[in-house]
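*Asks:* Next comes upload29.cif, mmCIF, C-alpha atoms and all ligand atoms:
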```cif
data_target
#
loop_
_atom_site.label_atom_id
_atom_site.label_comp_id
_atom_site.auth_asym_id
_atom_site.auth_seq_id
_atom_site.Cartn_x
_atom_site.Cartn_y
_atom_site.Cartn_z
CA MET C 201 31.54 246.38 88.47
CA LYS C 202 32.57 250.02 88.76
CA GLU C 203 29.95 250.64 91.43
CA LYS C 204 31.08 247.51 93.24
CA LEU C 205 34.69 248.79 93.30
CA ALA C 206 33.57 252.22 94.52
CA GLU C 207 31.60 250.57 97.30
CA LEU C 208 34.59 248.38 98.32
CA ARG C 209 36.79 251.49 98.38
CA SER C 210 34.62 253.50 100.74
CA HIS C 211 33.87 250.46 102.95
CA GLY C 212 37.57 249.52 103.06
CA GLU C 213 38.71 253.04 103.92
CA SER C 214 36.33 253.32 106.87
CA GLU C 215 37.17 249.80 108.15
CA ILE C 216 40.90 250.53 108.08
CA ALA C 217 40.46 253.87 109.81
CA SER C 218 38.42 252.33 112.64
CA ALA C 219 40.88 249.46 113.39
CA SER C 220 42.37 250.24 116.81
CA SER C 221 44.73 247.33 117.37
CA MET C 222 47.15 245.26 115.29
CA GLN C 223 44.87 242.23 115.72
CA GLU C 224 41.84 244.13 114.46
CA LEU C 225 43.90 245.46 111.55
CA GLN C 226 44.96 241.92 110.62
CA ASN C 227 41.29 240.86 110.50
CA VAL C 228 40.37 243.90 108.38
CA LYS C 229 43.26 243.16 106.01
CA ALA C 230 42.10 239.56 105.53
CA ALA C 231 38.54 240.68 104.83
CA LEU C 232 39.54 243.43 102.35
CA VAL C 233 42.48 242.05 100.36
CA GLY C 234 42.81 238.43 101.56
CA LYS C 235 42.37 235.32 99.41
CA LYS C 236 38.66 235.08 100.17
CA SER C 237 37.91 238.82 99.96
CA ALA C 238 35.37 240.37 97.55
CA LEU C 239 38.22 242.24 95.80
CA THR C 240 40.10 239.01 95.07
CA GLU C 241 36.91 237.53 93.66
CA ILE C 242 36.61 240.54 91.32
CA LEU C 243 40.24 240.17 90.19
CA LYS C 244 39.51 236.53 89.34
CA GLU C 245 36.54 237.62 87.22
CA ILE C 246 38.58 240.09 85.06
CA PRO C 247 39.84 237.47 82.52
CA LYS C 248 36.23 236.47 81.83
CA LEU C 249 35.17 240.00 80.87
CA ASP C 250 34.69 241.43 77.41
CA PRO C 251 38.26 242.01 76.11
CA ALA C 252 37.43 245.70 75.51
CA LEU C 253 36.62 246.21 79.20
CA ARG C 254 39.48 244.17 80.66
CA PRO C 255 42.29 246.86 80.73
CA GLU C 256 40.15 249.48 82.42
CA MET C 257 38.53 247.19 84.98
CA GLY C 258 41.78 245.33 85.65
CA GLY C 259 43.60 248.62 86.19
CA ALA C 260 40.91 249.96 88.52
CA ALA C 261 40.74 246.76 90.62
CA ASN C 262 44.56 246.54 91.00
CA GLU C 263 44.77 250.23 91.82
CA LEU C 264 42.15 249.72 94.57
CA LYS C 265 44.09 246.78 95.98
CA ARG C 266 47.37 248.82 96.13
CA HIS C 267 45.46 251.76 97.66
CA LEU C 268 43.94 249.60 100.43
CA GLU C 269 47.26 247.87 101.15
CA ALA C 270 49.00 251.24 101.51
CA LEU C 271 46.28 252.46 103.88
CA ILE C 272 46.61 249.27 105.98
CA GLU C 273 50.37 249.71 106.26
CA ALA C 274 50.05 253.35 107.28
CA ARG C 275 47.37 252.46 109.83
CA GLY C 276 49.61 249.71 111.28
CA GLU C 277 52.45 252.17 111.79
CA ALA C 278 50.09 254.63 113.47
CA ILE C 279 48.80 251.95 115.87
CA GLN C 280 52.33 250.88 116.83
CA LEU C 281 53.39 254.46 117.45
CA ALA C 282 50.33 255.12 119.61
CA SER C 283 50.90 251.99 121.73
CA SER C 284 54.28 253.24 123.00
CA ALA C 285 53.14 256.79 123.56
CA ILE C 286 52.57 258.07 127.10
CA GLY C 287 49.03 259.17 127.70
CA ALA C 288 48.23 262.78 128.53
CA ASP C 289 47.03 261.78 132.02
CA PHE C 290 50.31 260.04 132.92
CA ASP C 291 51.93 261.76 135.89
CA LEU C 292 55.63 261.02 136.43
CA THR C 293 55.55 262.48 139.95
CA VAL C 294 52.94 260.06 141.37
CA PRO C 295 54.67 257.52 143.68
CA GLY C 296 54.88 254.06 142.09
CA ILE C 297 53.98 250.64 143.50
CA LEU C 298 57.11 248.94 144.82
CA PRO C 299 57.31 245.30 143.75
CA ALA C 300 57.39 242.92 146.74
CA GLY C 301 60.88 241.49 147.20
CA GLY C 302 62.28 238.89 149.55
CA ALA C 303 65.01 239.37 152.13
CA LEU C 304 67.13 237.20 154.39
CA HIS C 305 65.54 236.14 157.68
CA PRO C 306 67.04 238.11 160.62
CA ILE C 307 68.44 234.87 162.10
CA THR C 308 70.11 234.04 158.78
CA GLN C 309 71.53 237.57 158.63
CA MET C 310 72.99 237.11 162.13
CA CYS C 311 74.38 233.70 161.16
CA TYR C 312 76.09 235.18 158.09
CA ASP C 313 77.50 238.05 160.16
CA LEU C 314 78.96 235.55 162.61
CA ASN C 315 80.33 233.43 159.73
CA ASP C 316 82.10 236.51 158.35
CA THR C 317 83.50 237.41 161.76
CA PHE C 318 84.76 233.91 162.53
CA ARG C 319 86.19 233.46 159.03
CA SER C 320 88.16 236.66 159.48
CA MET C 321 89.68 235.00 162.58
CA GLY C 322 90.73 231.90 160.62
CA PHE C 323 87.81 229.59 161.47
CA GLU C 324 86.38 226.99 159.10
CA ILE C 325 82.59 226.61 158.69
CA PHE C 326 81.23 223.10 159.16
CA GLU C 327 77.69 221.79 158.65
CA GLU C 328 76.08 218.49 159.49
CA ASP C 329 72.84 216.46 159.17
CA GLU C 330 69.92 217.32 161.46
CA ILE C 331 69.41 213.64 162.35
CA THR C 332 72.01 212.24 164.72
CA SER C 333 72.31 209.26 167.04
CA GLU C 334 72.47 208.66 170.77
CA LEU C 335 76.21 208.00 170.37
CA TYR C 336 76.94 211.44 168.90
CA GLY C 337 74.14 213.28 170.69
CA PHE C 338 75.01 212.07 174.21
CA ASP C 339 77.53 209.24 174.74
CA ASN C 340 80.47 211.03 173.11
CA LEU C 341 79.67 214.20 175.00
CA ASN C 342 80.07 212.71 178.43
CA PHE C 343 76.33 212.66 179.22
CA PRO C 344 75.80 210.03 181.94
CA PRO C 345 73.43 207.19 180.89
CA ASP C 346 70.73 208.49 183.26
CA HIS C 347 71.01 212.18 182.28
CA PRO C 348 67.48 213.67 182.12
CA ALA C 349 68.15 215.27 178.72
CA ARG C 350 68.18 211.80 177.17
CA GLU C 351 64.56 211.23 178.13
CA SER C 352 61.84 211.75 175.56
CA MET C 353 60.68 214.93 177.34
CA ASP C 354 63.66 216.75 175.83
CA THR C 355 64.71 214.81 172.75
CA TYR C 356 62.73 213.79 169.68
CA TRP C 357 63.62 210.13 169.20
CA ILE C 358 63.17 208.65 165.74
CA ALA C 359 62.42 205.03 164.82
CA GLY C 360 65.51 203.25 163.55
CA HIS C 361 69.13 202.88 164.51
CA ASP C 362 72.43 204.28 163.36
CA ALA C 363 74.21 201.97 160.95
CA GLY C 364 77.55 202.94 162.48
CA ARG C 365 77.16 201.07 165.76
CA GLY C 366 74.39 198.64 166.76
CA GLY C 367 71.78 199.85 169.19
CA ASP C 368 72.24 203.61 168.80
CA ARG C 369 68.85 205.19 168.69
CA LEU C 370 68.38 207.97 166.13
CA CYS C 371 67.11 211.42 167.14
CA LEU C 372 66.72 214.94 165.85
CA ARG C 373 69.86 216.65 167.10
CA PRO C 374 69.06 218.23 170.49
CA HIS C 375 72.19 220.40 170.24
CA LEU C 376 75.03 220.92 167.80
CA THR C 377 77.78 219.74 170.08
CA GLY C 378 77.65 216.17 168.72
CA ALA C 379 78.93 217.50 165.42
CA SER C 380 82.19 218.58 167.04
CA VAL C 381 83.23 214.97 167.73
CA ARG C 382 82.30 213.93 164.20
CA TYR C 383 84.41 216.76 162.79
CA MET C 384 87.37 215.94 165.02
CA GLN C 385 87.22 212.25 164.07
CA LYS C 386 87.45 213.18 160.40
CA ASN C 387 90.11 215.89 160.58
CA LYS C 388 93.55 216.32 162.08
CA PRO C 389 94.22 218.76 164.96
CA PRO C 390 94.62 221.61 165.66
CA TYR C 391 90.98 222.63 165.07
CA ARG C 392 89.38 225.99 164.67
CA PHE C 393 85.84 225.70 163.32
CA VAL C 394 82.23 226.84 163.76
CA TYR C 395 79.04 224.90 163.04
CA PRO C 396 75.73 226.74 162.73
CA GLY C 397 72.39 224.94 162.54
CA ARG C 398 68.90 224.20 163.77
CA VAL C 399 68.32 221.98 166.81
CA TYR C 400 65.18 220.36 168.23
CA ARG C 401 63.83 220.05 171.77
CA ASN C 402 60.53 218.57 172.82
CA GLU C 403 59.65 221.53 175.06
CA THR C 404 56.71 223.73 175.88
CA THR C 405 57.16 226.99 173.99
CA ASP C 406 57.22 230.36 175.71
CA ALA C 407 58.68 233.81 175.05
CA ARG C 408 62.25 232.49 175.43
CA HIS C 409 61.94 228.88 174.27
CA GLU C 410 61.03 227.24 170.98
CA ARG C 411 60.84 223.58 169.91
CA ALA C 412 63.21 224.22 167.04
CA PHE C 413 65.82 226.92 167.30
CA PHE C 414 69.23 227.87 166.01
CA GLN C 415 72.56 227.35 167.64
CA TYR C 416 75.98 228.47 166.59
CA GLU C 417 78.94 226.66 168.05
CA ALA C 418 82.61 227.45 167.88
CA LEU C 419 85.43 225.14 168.88
CA ILE C 420 89.15 225.58 169.15
CA VAL C 421 91.32 222.58 170.00
CA ASP C 422 95.06 223.03 170.20
CA ARG C 423 98.08 221.99 172.25
CA ASP C 424 97.99 225.21 174.17
CA PHE C 425 95.07 227.60 174.31
CA PRO C 426 94.90 229.99 177.26
CA PHE C 427 91.43 230.39 178.74
CA ALA C 428 91.80 234.18 178.74
CA SER C 429 92.19 234.16 174.94
CA GLY C 430 88.73 232.60 174.75
CA LYS C 431 87.18 235.50 176.59
CA VAL C 432 88.99 237.98 174.35
CA MET C 433 87.70 236.07 171.30
CA VAL C 434 84.10 236.15 172.52
CA LYS C 435 84.28 239.86 173.24
CA SER C 436 85.87 240.65 169.85
CA ILE C 437 83.13 238.72 168.07
CA LEU C 438 80.28 240.40 169.96
CA ASP C 439 81.86 243.84 169.45
CA LYS C 440 82.18 243.19 165.73
CA VAL C 441 78.67 241.76 165.28
CA PHE C 442 76.98 244.54 167.25
CA GLY C 443 79.31 247.25 165.97
CA ARG C 444 79.97 248.70 169.45
CA ASP C 445 81.58 247.91 172.77
CA VAL C 446 79.68 245.00 174.35
CA PRO C 447 80.34 244.25 178.05
CA VAL C 448 81.00 240.53 178.64
CA ARG C 449 81.18 238.54 181.86
CA MET C 450 81.74 234.87 182.64
CA ARG C 451 80.19 232.85 185.45
CA ALA C 452 80.83 229.25 186.44
CA GLY C 453 78.31 226.86 184.88
CA PHE C 454 77.93 223.12 184.53
CA PHE C 455 77.58 221.23 181.24
CA PRO C 456 78.61 217.57 180.88
CA PHE C 457 80.81 218.17 177.83
CA VAL C 458 83.05 220.93 179.27
CA GLU C 459 85.41 221.18 182.24
CA PRO C 460 85.55 223.82 183.51
CA GLY C 461 82.25 225.11 182.17
CA PHE C 462 80.87 228.63 182.27
CA GLU C 463 78.01 230.88 181.22
CA ILE C 464 78.84 233.96 179.20
CA ASP C 465 76.60 236.98 179.71
CA MET C 466 76.57 240.14 177.63
CA GLY C 467 75.46 243.51 178.93
CA CYS C 468 71.84 244.21 177.90
CA LEU C 469 72.00 246.51 174.88
CA VAL C 470 68.33 247.44 175.13
CA CYS C 471 68.69 249.25 178.46
CA ALA C 472 72.52 249.61 178.52
CA GLY C 473 72.60 247.69 181.80
CA ALA C 474 70.00 249.76 183.64
CA GLY C 475 67.45 246.90 183.67
CA CYS C 476 64.47 246.25 181.41
CA SER C 477 61.94 243.53 180.59
CA VAL C 478 64.23 241.94 177.96
CA CYS C 479 67.01 241.32 180.52
CA LYS C 480 64.54 240.62 183.36
CA HIS C 481 65.80 243.79 185.09
CA VAL C 482 69.32 242.49 185.80
CA GLY C 483 71.16 244.34 183.02
CA TRP C 484 72.78 241.13 181.71
CA ILE C 485 71.63 238.51 179.18
CA GLU C 486 72.77 234.90 179.21
CA ILE C 487 74.03 234.55 175.66
CA MET C 488 76.15 231.39 175.50
CA PRO C 489 77.52 228.53 177.53
CA GLY C 490 81.10 227.48 176.99
CA GLY C 491 84.21 226.02 178.51
CA THR C 492 87.18 223.77 177.88
CA PRO C 493 86.21 220.53 176.09
CA HIS C 494 85.84 217.70 178.64
CA PRO C 495 88.68 215.11 178.55
CA ASN C 496 86.10 212.41 177.73
CA VAL C 497 84.93 214.40 174.69
CA LEU C 498 88.52 214.75 173.47
CA LYS C 499 89.01 211.00 174.01
CA ALA C 500 85.86 210.23 172.01
CA ALA C 501 87.39 212.30 169.21
CA GLY C 502 90.57 210.22 169.41
CA LEU C 503 92.75 212.89 171.06
CA ASP C 504 94.93 212.66 174.15
CA PRO C 505 93.50 215.08 176.78
CA ALA C 506 96.95 215.36 178.33
CA GLU C 507 98.23 216.78 175.06
CA TYR C 508 95.26 218.83 173.83
CA THR C 509 93.05 221.48 175.33
CA GLY C 510 90.72 224.03 173.80
CA PHE C 511 87.87 226.47 174.02
CA TYR C 512 84.23 225.96 173.20
CA VAL C 513 81.21 228.28 173.00
CA ASN C 514 77.61 227.69 171.97
CA ILE C 515 76.04 230.96 170.86
CA GLY C 516 72.27 231.25 171.12
CA LEU C 517 71.60 232.71 167.67
CA ASP C 518 67.95 233.52 168.39
CA ARG C 519 68.85 235.27 171.60
CA LEU C 520 71.55 237.31 169.87
CA VAL C 521 69.02 238.43 167.26
CA MET C 522 66.58 239.37 170.03
CA MET C 523 69.36 241.54 171.49
CA ARG C 524 70.21 243.10 168.15
CA TYR C 525 66.66 244.32 167.58
CA GLY C 526 65.33 244.53 171.16
CA VAL C 527 62.63 241.92 170.44
CA ASP C 528 61.36 240.22 173.61
CA ASP C 529 59.55 237.14 172.19
CA VAL C 530 61.59 234.52 170.31
CA ARG C 531 58.46 232.95 168.78
CA LEU C 532 57.96 235.98 166.55
CA PHE C 533 61.06 235.01 164.56
CA HIS C 534 59.59 231.60 163.74
CA SER C 535 56.08 232.86 163.12
CA ALA C 536 56.45 233.39 159.35
CA ASP C 537 54.49 236.62 159.89
CA LEU C 538 55.65 238.91 157.09
CA ARG C 539 54.39 242.02 158.87
CA PHE C 540 56.99 241.24 161.56
CA LEU C 541 59.78 239.79 159.39
CA GLY C 542 59.47 242.55 156.76
CA GLN C 543 60.94 245.01 159.25
CA PHE C 544 64.38 243.39 159.08
CA ARG C 545 65.35 244.01 155.48
ZN ZN C 601 67.83 245.33 179.63
#
```
Could you spell out this file's structure in structure tokens?
Ligand SMILES: [Zn+2]
*Replies:*
Amino acid sequence: MKEKLAELRSHGESEIASASSMQELQNVKAALVGKKSALTEILKEIPKLDPALRPEMGGAANELKRHLEALIEARGEAIQLASSAIGADFDLTVPGILPAGGALHPITQMCYDLNDTFRSMGFEIFEEDEITSELYGFDNLNFPPDHPARESMDTYWIAGHDAGRGGDRLCLRPHLTGASVRYMQKNKPPYRFVYPGRVYRNETTDARHERAFFQYEALIVDRDFPFASGKVMVKSILDKVFGRDVPVRMRAGFFPFVEPGFEIDMGCLVCAGAGCSVCKHVGWIEIMPGGTPHPNVLKAAGLDPAEYTGFYVNIGLDRLVMMRYGVDDVRLFHSADLRFLGQFR
């Protein structure tokens, strides 16, 4: 039995020394001092020995067990210390690998910037469903029944009808303007609100047109709102969003839901008005239509056009973002190409 203990000692010591992980050490511990280990078997045999031999053998076996357990504990501490140590070949000055992180889409960033600017001017932010009806999409907005925009070439019609009034076909909203009437029907004047969102047109895509794109509308309705204040508001907003002086001009334009209607152009920021491919060499970019809400639109909202007037603009969000970064193809923003989008963090 003495030889057996000596053998277990030397075997145990080398096994413990060669364990290189906590898992390995656990396995070694089970094999050396566990319930099914050779040493435990020996300890069970002690009571059966000649009484004269029992004290010596019992003492030796227990001493070996304590010795191995102490070695295991020391080895465990050494392994844990080593695992948190920095290796000799670790170089703090080598550049690390930056974890990939997300960022807001440039159109969303522009939308938030506009929200901040309008909020600072006392506007409320309003949002609405992307599915609307012929009533809100066209009828309320003074579109004549035979207006070409109603045809399927421009609008995505959806099966089904609006529950609100029989016979109204449903469609993906072709513009945001329908939301203005819905808002005005639900709230009391005067109004001062913006409504950002995505709109849908069944169009052929090119560098300046997409089937789904973002609009950002602003509407003021009050008893007295001078037209000139509208121009000042537009200029203040563009100056604030672009962080510099932005030239603005207004031209007469026709839209069924405004009277008078106009187009607002901003000076091309890419070429500072000298002419470039982004502005088609005219130095100006058409950035938003606008005007005074048409009397029929105010009537649809339940207001008396003789009493109320207002100011309306529809900002082309995509186009504003193109201006901000000097990008000349709107489709890039909807491409989900991270090599492109990653530049706008
Ligand atoms: Zn230009």
*Asks:* I need the residue nearest Arg449 of chain C from this list: C:Val432, C:Ile437, C:Lys204, C:Glu241. Use all atoms listed in the file for the distance.
*Replies:*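 Smallest separation from Arg449 of chain C among the options: C:Val432.
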*Asks:* Mind listing the residues within 12 Å of ligand ZN 601 (chain C), all atoms listed in the file counted, as a list in words?
*Replies:*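 So the residues close to ligand ZN 601 (chain C) are Met466, Gly467, Cys468, Leu469, Val470, Cys471, Ala472, Gly473, Ala474, Gly475, Cys476, Ser477, Val478, Cys479, Lys480, His481, Val482, Gly483, Trp484, Ile485, Glu486, Met522, Met523, Arg524, Gly526, Val527 and Asp528 of chain C.
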*Asks:* Show which residues sit within 12 Å of segment 272-286 of chain C, as number ranges by chain. Count all atoms listed in the file, and ignore same-chain residues fewer than 2 positions away.
*Replies:* C: 212-233, 265-270, 288-292
*Asks:* Just write the chosen residues, C-alpha atoms, as a PDB file, in the coordinates of the input.
*Replies:*
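Listed below is the output, result_5.pdb:
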```
ATOM      1  CA  GLY C 212      37.570 249.520 103.060  1.00  0.00           C
ATOM      2  CA  GLU C 213      38.710 253.040 103.920  1.00  0.00           C
ATOM      3  CA  SER C 214      36.330 253.320 106.870  1.00  0.00           C
ATOM      4  CA  GLU C 215      37.170 249.800 108.150  1.00  0.00           C
ATOM      5  CA  ILE C 216      40.900 250.530 108.080  1.00  0.00           C
ATOM      6  CA  ALA C 217      40.460 253.870 109.810  1.00  0.00           C
ATOM      7  CA  SER C 218      38.420 252.330 112.640  1.00  0.00           C
ATOM      8  CA  ALA C 219      40.880 249.460 113.390  1.00  0.00           C
ATOM      9  CA  SER C 220      42.370 250.240 116.810  1.00  0.00           C
ATOM     10  CA  SER C 221      44.730 247.330 117.370  1.00  0.00           C
ATOM     11  CA  MET C 222      47.150 245.260 115.290  1.00  0.00           C
ATOM     12  CA  GLN C 223      44.870 242.230 115.720  1.00  0.00           C
ATOM     13  CA  GLU C 224      41.840 244.130 114.460  1.00  0.00           C
ATOM     14  CA  LEU C 225      43.900 245.460 111.550  1.00  0.00           C
ATOM     15  CA  GLN C 226      44.960 241.920 110.620  1.00  0.00           C
ATOM     16  CA  ASN C 227      41.290 240.860 110.500  1.00  0.00           C
ATOM     17  CA  VAL C 228      40.370 243.900 108.380  1.00  0.00           C
ATOM     18  CA  LYS C 229      43.260 243.160 106.010  1.00  0.00           C
ATOM     19  CA  ALA C 230      42.100 239.560 105.530  1.00  0.00           C
ATOM     20  CA  ALA C 231      38.540 240.680 104.830  1.00  0.00           C
ATOM     21  CA  LEU C 232      39.540 243.430 102.350  1.00  0.00           C
ATOM     22  CA  VAL C 233      42.480 242.050 100.360  1.00  0.00           C
ATOM     23  CA  LYS C 265      44.090 246.780  95.980  1.00  0.00           C
ATOM     24  CA  ARG C 266      47.370 248.820  96.130  1.00  0.00           C
ATOM     25  CA  HIS C 267      45.460 251.760  97.660  1.00  0.00           C
ATOM     26  CA  LEU C 268      43.940 249.600 100.430  1.00  0.00           C
ATOM     27  CA  GLU C 269      47.260 247.870 101.150  1.00  0.00           C
ATOM     28  CA  ALA C 270      49.000 251.240 101.510  1.00  0.00           C
ATOM     29  CA  ALA C 288      48.230 262.780 128.530  1.00  0.00           C
ATOM     30  CA  ASP C 289      47.030 261.780 132.020  1.00  0.00           C
ATOM     31  CA  PHE C 290      50.310 260.040 132.920  1.00  0.00           C
ATOM     32  CA  ASP C 291      51.930 261.760 135.890  1.00  0.00           C
ATOM     33  CA  LEU C 292      55.630 261.020 136.430  1.00  0.00           C
TER      34      LEU C 292
END
```
*Asks:* So that I can see what lies close to segment 243-248 of chain C, please list as a list in words the residues with an atom at most 7 Å from it, counting all atoms listed in the file and leaving out residues fewer than 5 positions away in the same chain.
*Replies:*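 Listing them by chain and then by number gives Arg254, Gly258 and Ala261 of chain C.
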*Asks:* Suppose you want the space between atom CA of Gly502 of chain C and atom CA of Asp354 of chain C; what is it in Å?
*Replies:*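 Taking atom CA of Gly502 of chain C as the start and atom CA of Asp354 of chain C as the end point, the length is 28.4 Å.
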*Asks:* Measure the distance from atom CA of His305 of chain C to atom CA of Ser535 of chain C in Å and round it to one decimal.
*Replies:*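 Computing it gives 11.4 Å between the two atoms.
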*Asks:* Please measure the separation of atom CA of Lys431 of chain C and atom CA of Arg398 of chain C, giving the value in Å to one decimal.
*Replies:*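 Spanning atom CA of Lys431 of chain C to atom CA of Arg398 of chain C is a straight-line distance of 25.0 Å.
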*Asks:* Measuring between all atoms listed in the file, which one of C:Leu253, C:Leu271, C:Val399, C:Val381 shows the shortest distance to Leu517 of chain C?
*Replies:*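 Residue with the minimum atom-to-atom distance to Leu517 of chain C: C:Val399.
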*Asks:* Give me the residues near Val458 of chain C as a list in words, where near means some atom within 6 Å (using all atoms listed in the file) and where sequence neighbours in that chain fewer than 6 positions away do not count.
*Replies:*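 So the residues in contact are Gly491, Thr492, Pro493 and His494 of chain C.
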*Asks:* I need the residue nearest Val421 of chain C from this list: C:Ile297, C:Ala206, C:Leu304, C:Val497. Use all atoms listed in the file for the distance.
*Replies:*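 Smallest distance to Val421 of chain C is found for C:Val497.
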*Asks:* Name all residues at most 12 Å from Ser436 of chain C (count only C-alpha atoms; drop same-chain ones fewer than 4 positions away) and give them as a PDB file with C-alpha atoms, in the coordinates of the input.
*Replies:*
```pdb
ATOM      1  CA  LEU C 314      78.960 235.550 162.610  1.00  0.00           C
ATOM      2  CA  THR C 317      83.500 237.410 161.760  1.00  0.00           C
ATOM      3  CA  PHE C 318      84.760 233.910 162.530  1.00  0.00           C
ATOM      4  CA  SER C 320      88.160 236.660 159.480  1.00  0.00           C
ATOM      5  CA  MET C 321      89.680 235.000 162.580  1.00  0.00           C
ATOM      6  CA  SER C 429      92.190 234.160 174.940  1.00  0.00           C
ATOM      7  CA  GLY C 430      88.730 232.600 174.750  1.00  0.00           C
ATOM      8  CA  LYS C 431      87.180 235.500 176.590  1.00  0.00           C
ATOM      9  CA  VAL C 432      88.990 237.980 174.350  1.00  0.00           C
ATOM     10  CA  LYS C 440      82.180 243.190 165.730  1.00  0.00           C
ATOM     11  CA  VAL C 441      78.670 241.760 165.280  1.00  0.00           C
ATOM     12  CA  PHE C 442      76.980 244.540 167.250  1.00  0.00           C
ATOM     13  CA  GLY C 443      79.310 247.250 165.970  1.00  0.00           C
ATOM     14  CA  ARG C 444      79.970 248.700 169.450  1.00  0.00           C
ATOM     15  CA  ASP C 445      81.580 247.910 172.770  1.00  0.00           C
ATOM     16  CA  VAL C 446      79.680 245.000 174.350  1.00  0.00           C
ATOM     17  CA  PRO C 447      80.340 244.250 178.050  1.00  0.00           C
ATOM     18  CA  VAL C 448      81.000 240.530 178.640  1.00  0.00           C
TER      19      VAL C 448
END
```
*Asks:* Step by step: start from the point (74.8, 230.3, 155.8) in the file's coordinates, keep every protein, DNA or RNA residue that has an atom no farther than 10 Å from it, count all atoms listed in the file, and write the set as a list of chain:residue names.
*Replies:*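 Residues satisfying the cut-off, written out: C:Thr308, C:Gln309, C:Met310, C:Cys311, C:Tyr312, C:Asp313, C:Leu314, C:Asn315, C:Asp316, C:Ile325, C:Glu327, C:Tyr395, C:Pro396, C:Gly397.
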